[in-house]
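Trainee: Quick one: structure below, then a few questions.
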Amino acid sequence: MPGTGFRFAPLSLTALLVAGCSGLTSEPQLTADPCADLHALIAEYPNRFADLRGSRSDFRSVTLYRAKMDIVKGHCEVWEWAGGDSAYVCSVNAPDAEVAEQRYERTVDYVGNCLGADWKEEASDRVRDGQVAGVVTRYRNPAYGSLVISVHNVSIAGAARALRSNYLFIGGADRSGEI
């Protein structure tokens, strides 16, 4: 596996996943080797993450499953849309723009190193309803067809204060822009 010798995994992936919804004072628990787990998740994509689905919550256009394997405990889910598309998604909220940006940048560096040189990196603005709502970096490898790994830094204005969060998405390229 390319990049498995990169050993800043827990600290770098923590940058994305530090301080989820439960608060900023405790760091979430990571798996022992997040890079190896990222590669295991990539291998699960053709099976639509079926073996990773825990308890489910049904919504109008999507079903969410608690992930049986969390890169970060309590922050990852398998999303399944009505058409059968599935994705593995981890998300955490950020208290402010600075934390969200630092987390995003470190996670992009880590994921890129973990995936290796065969994966092409592309950064762009996230656009929602015609408005820029953050940035996203996507990784693609022709050997994996439509699979995309993406790291999102989301900022949604309009509330009393802007809402910020970071996502790690593993799924079809056509769904990566929907989170």
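So you can find residues: chains in the structure tokens are A, B, ... in the order shown, residues in each start at 1, and ligands are numbered from 1 in order.
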Would you mind listing, for every residue of region 23-74 of chain A within 8 Å of region 161-176 of chain A, the two atoms forming the shortest contact and the distance between them in Å to one decimal, using only C-alpha atoms, sorted by chain and ascending residue number, as JSON lines?

Mentor:
{"residue": "A:Leu41", "atom": "CA", "partner": "A:Ile170", "partner_atom": "CA", "distance": 7.7}
{"residue": "A:Ile42", "atom": "CA", "partner": "A:Ile170", "partner_atom": "CA", "distance": 7.2}
{"residue": "A:Tyr45", "atom": "CA", "partner": "A:Gly171", "partner_atom": "CA", "distance": 6.8}

Trainee: Just list as a ChimeraX atom specification whatever in region 32-173 of chain A DSSP marks as helix (DSSP H, G or I).

Mentor: /A:34-47,50-52,97-115,142-144,173

Trainee: Those residues you just picked out, can you put them in a file as a tab-separated table (two decimals), in the first residue's frame with N, CA and C atoms?

Mentor:
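Dumped to result.tsv:
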chain	number	residue	atom	x	y	z
A	34	PRO	N	-5.14	4.59	11.02
A	34	PRO	CA	-6.15	5.17	10.13
A	34	PRO	C	-5.82	5.03	8.64
A	35	CYS	N	-4.55	5.03	8.27
A	35	CYS	CA	-4.21	4.88	6.86
A	35	CYS	C	-4.59	3.49	6.36
A	36	ALA	N	-4.26	2.46	7.13
A	36	ALA	CA	-4.66	1.10	6.74
A	36	ALA	C	-6.17	1.00	6.68
A	37	ASP	N	-6.86	1.65	7.61
A	37	ASP	CA	-8.33	1.62	7.60
A	37	ASP	C	-8.89	2.36	6.40
A	38	LEU	N	-8.26	3.45	5.98
A	38	LEU	CA	-8.70	4.15	4.78
A	38	LEU	C	-8.61	3.22	3.57
A	39	HIS	N	-7.53	2.48	3.46
A	39	HIS	CA	-7.39	1.53	2.36
A	39	HIS	C	-8.41	0.40	2.47
A	40	ALA	N	-8.73	-0.04	3.69
A	40	ALA	CA	-9.76	-1.07	3.87
A	40	ALA	C	-11.12	-0.54	3.44
A	41	LEU	N	-11.40	0.73	3.72
A	41	LEU	CA	-12.66	1.33	3.31
A	41	LEU	C	-12.75	1.43	1.79
A	42	ILE	N	-11.66	1.77	1.15
A	42	ILE	CA	-11.63	1.81	-0.31
A	42	ILE	C	-11.97	0.44	-0.87
A	43	ALA	N	-11.43	-0.60	-0.25
A	43	ALA	CA	-11.71	-1.97	-0.70
A	43	ALA	C	-13.17	-2.35	-0.50
A	44	GLU	N	-13.86	-1.73	0.45
A	44	GLU	CA	-15.27	-2.01	0.72
A	44	GLU	C	-16.22	-1.28	-0.24
A	45	TYR	N	-15.73	-0.29	-0.96
A	45	TYR	CA	-16.59	0.50	-1.83
A	45	TYR	C	-17.36	-0.34	-2.85
A	46	PRO	N	-16.75	-1.31	-3.54
A	46	PRO	CA	-17.52	-2.09	-4.51
A	46	PRO	C	-18.70	-2.85	-3.89
A	47	ASN	N	-18.61	-3.14	-2.59
A	47	ASN	CA	-19.69	-3.85	-1.88
A	47	ASN	C	-20.67	-2.87	-1.24
A	50	ALA	N	-21.49	-2.71	2.66
A	50	ALA	CA	-22.53	-3.55	3.27
A	50	ALA	C	-22.09	-4.16	4.59
A	51	ASP	N	-20.84	-4.58	4.70
A	51	ASP	CA	-20.38	-5.21	5.93
A	51	ASP	C	-20.11	-4.21	7.05
A	52	LEU	N	-20.18	-2.94	6.75
A	52	LEU	CA	-19.88	-1.91	7.74
A	52	LEU	C	-21.13	-1.24	8.30
A	97	ALA	N	-13.62	29.32	12.07
A	97	ALA	CA	-13.00	29.16	10.76
A	97	ALA	C	-11.55	28.71	10.86
A	98	GLU	N	-10.83	29.23	11.84
A	98	GLU	CA	-9.41	28.88	11.97
A	98	GLU	C	-9.23	27.39	12.26
A	99	VAL	N	-9.99	26.85	13.19
A	99	VAL	CA	-9.90	25.42	13.50
A	99	VAL	C	-10.30	24.59	12.28
A	100	ALA	N	-11.38	24.97	11.62
A	100	ALA	CA	-11.84	24.23	10.45
A	100	ALA	C	-10.79	24.23	9.35
A	101	GLU	N	-10.17	25.37	9.10
A	101	GLU	CA	-9.16	25.47	8.05
A	101	GLU	C	-7.91	24.66	8.39
A	102	GLN	N	-7.44	24.75	9.61
A	102	GLN	CA	-6.26	23.98	10.01
A	102	GLN	C	-6.53	22.48	9.91
A	103	ARG	N	-7.69	22.06	10.36
A	103	ARG	CA	-8.08	20.66	10.30
A	103	ARG	C	-8.13	20.19	8.84
A	104	TYR	N	-8.73	21.00	8.00
A	104	TYR	CA	-8.85	20.68	6.58
A	104	TYR	C	-7.47	20.52	5.94
A	105	GLU	N	-6.60	21.50	6.14
A	105	GLU	CA	-5.28	21.48	5.51
A	105	GLU	C	-4.46	20.27	5.95
A	106	ARG	N	-4.46	19.97	7.24
A	106	ARG	CA	-3.70	18.82	7.74
A	106	ARG	C	-4.28	17.51	7.24
A	107	THR	N	-5.60	17.45	7.14
A	107	THR	CA	-6.22	16.22	6.67
A	107	THR	C	-5.95	16.00	5.19
A	108	VAL	N	-5.99	17.07	4.40
A	108	VAL	CA	-5.65	16.96	2.98
A	108	VAL	C	-4.23	16.42	2.83
A	109	ASP	N	-3.29	16.97	3.59
A	109	ASP	CA	-1.91	16.49	3.53
A	109	ASP	C	-1.83	15.01	3.90
A	110	TYR	N	-2.50	14.64	4.97
A	110	TYR	CA	-2.45	13.26	5.44
A	110	TYR	C	-3.07	12.29	4.43
A	111	VAL	N	-4.27	12.59	3.97
A	111	VAL	CA	-4.97	11.70	3.03
A	111	VAL	C	-4.15	11.55	1.76
A	112	GLY	N	-3.62	12.64	1.24
A	112	GLY	CA	-2.79	12.58	0.04
A	112	GLY	C	-1.58	11.67	0.23
A	113	ASN	N	-0.91	11.80	1.37
A	113	ASN	CA	0.24	10.94	1.65
A	113	ASN	C	-0.17	9.49	1.83
A	114	CYS	N	-1.30	9.26	2.46
A	114	CYS	CA	-1.79	7.90	2.68
A	114	CYS	C	-2.16	7.23	1.36
A	115	LEU	N	-2.83	7.95	0.49
A	115	LEU	CA	-3.26	7.37	-0.78
A	115	LEU	C	-2.10	7.13	-1.73
A	142	PRO	N	-7.81	6.35	-11.60
A	142	PRO	CA	-8.53	5.67	-12.69
A	142	PRO	C	-8.73	4.18	-12.44
A	143	ALA	N	-7.85	3.56	-11.67
A	143	ALA	CA	-7.99	2.12	-11.39
A	143	ALA	C	-9.23	1.82	-10.54
A	144	TYR	N	-9.82	2.84	-9.91
A	144	TYR	CA	-10.98	2.65	-9.04
A	144	TYR	C	-12.27	3.21	-9.63
A	173	ALA	N	-18.23	9.61	-7.30
A	173	ALA	CA	-17.92	10.99	-7.63
A	173	ALA	C	-19.16	11.86	-7.76

Trainee: Write out as an MDAnalysis selection string the residues lying within 7 Å of region 64-69 of chain A, counting only C-alpha atoms and excluding same-chain residues fewer than 4 positions away.

Mentor: chainID A and resid 52:58 76:80

Trainee: Write out, as a PDB file, in the first residue's frame, the residues just selected, with C-alpha atoms.

Mentor:
ATOM      1  CA  LEU A  52     -19.879  -1.905   7.736  1.00  0.00           C
ATOM      2  CA  ARG A  53     -23.546  -1.049   8.293  1.00  0.00           C
ATOM      3  CA  GLY A  54     -24.806  -0.908  11.850  1.00  0.00           C
ATOM      4  CA  SER A  55     -28.117   0.446  13.122  1.00  0.00           C
ATOM      5  CA  ARG A  56     -30.088   2.457  10.585  1.00  0.00           C
ATOM      6  CA  SER A  57     -32.071   5.676  10.439  1.00  0.00           C
ATOM      7  CA  ASP A  58     -34.403   6.150   7.473  1.00  0.00           C
ATOM      8  CA  CYS A  76     -18.720   8.005  10.815  1.00  0.00           C
ATOM      9  CA  GLU A  77     -21.728   6.659   8.923  1.00  0.00           C
ATOM     10  CA  VAL A  78     -22.620   4.781   5.773  1.00  0.00           C
ATOM     11  CA  TRP A  79     -25.062   6.762   3.642  1.00  0.00           C
ATOM     12  CA  GLU A  80     -27.302   4.938   1.170  1.00  0.00           C
TER      13      GLU A  80
END

Trainee: What does the distance between CA of Ala133 (chain A) and CA of Ala157 (chain A) come to in Å, to one decimal place?

Mentor: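 We find that CA of Ala133 (chain A) and CA of Ala157 (chain A) lie 8.0 Å from each other.
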
Trainee: Go ahead and compute the interatomic distance for CA of Ala82 (chain A) and CA of Ala123 (chain A), in Å to one decimal.

Mentor: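 If I compute the distance from CA of Ala82 (chain A) to CA of Ala123 (chain A), I get 28.4 Å.
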
Trainee: Hey, what does DSSP flag as strand (DSSP E or B) within region 6-162 of chain A? Can you give it to me as a PyMOL selection string?

Mentor: chain A and resi 30+53-58+62-67+72+76-81+86-94+120-128+131-140+147-156

Trainee: When you count only C-alpha atoms, which of these residues is closest to Val135 (chain A): A:Ile156, A:Asn93, A:Trp119, A:Gly74?

Mentor: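 Among the listed residues, A:Ile156 lies closest to Val135 (chain A).
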
Trainee: To one decimal place in Å, what is the distance between CA of Asp96 (chain A) and CA of Ser124 (chain A)?

Mentor: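 Going from CA of Asp96 (chain A) over to CA of Ser124 (chain A), I get 20.7 Å.
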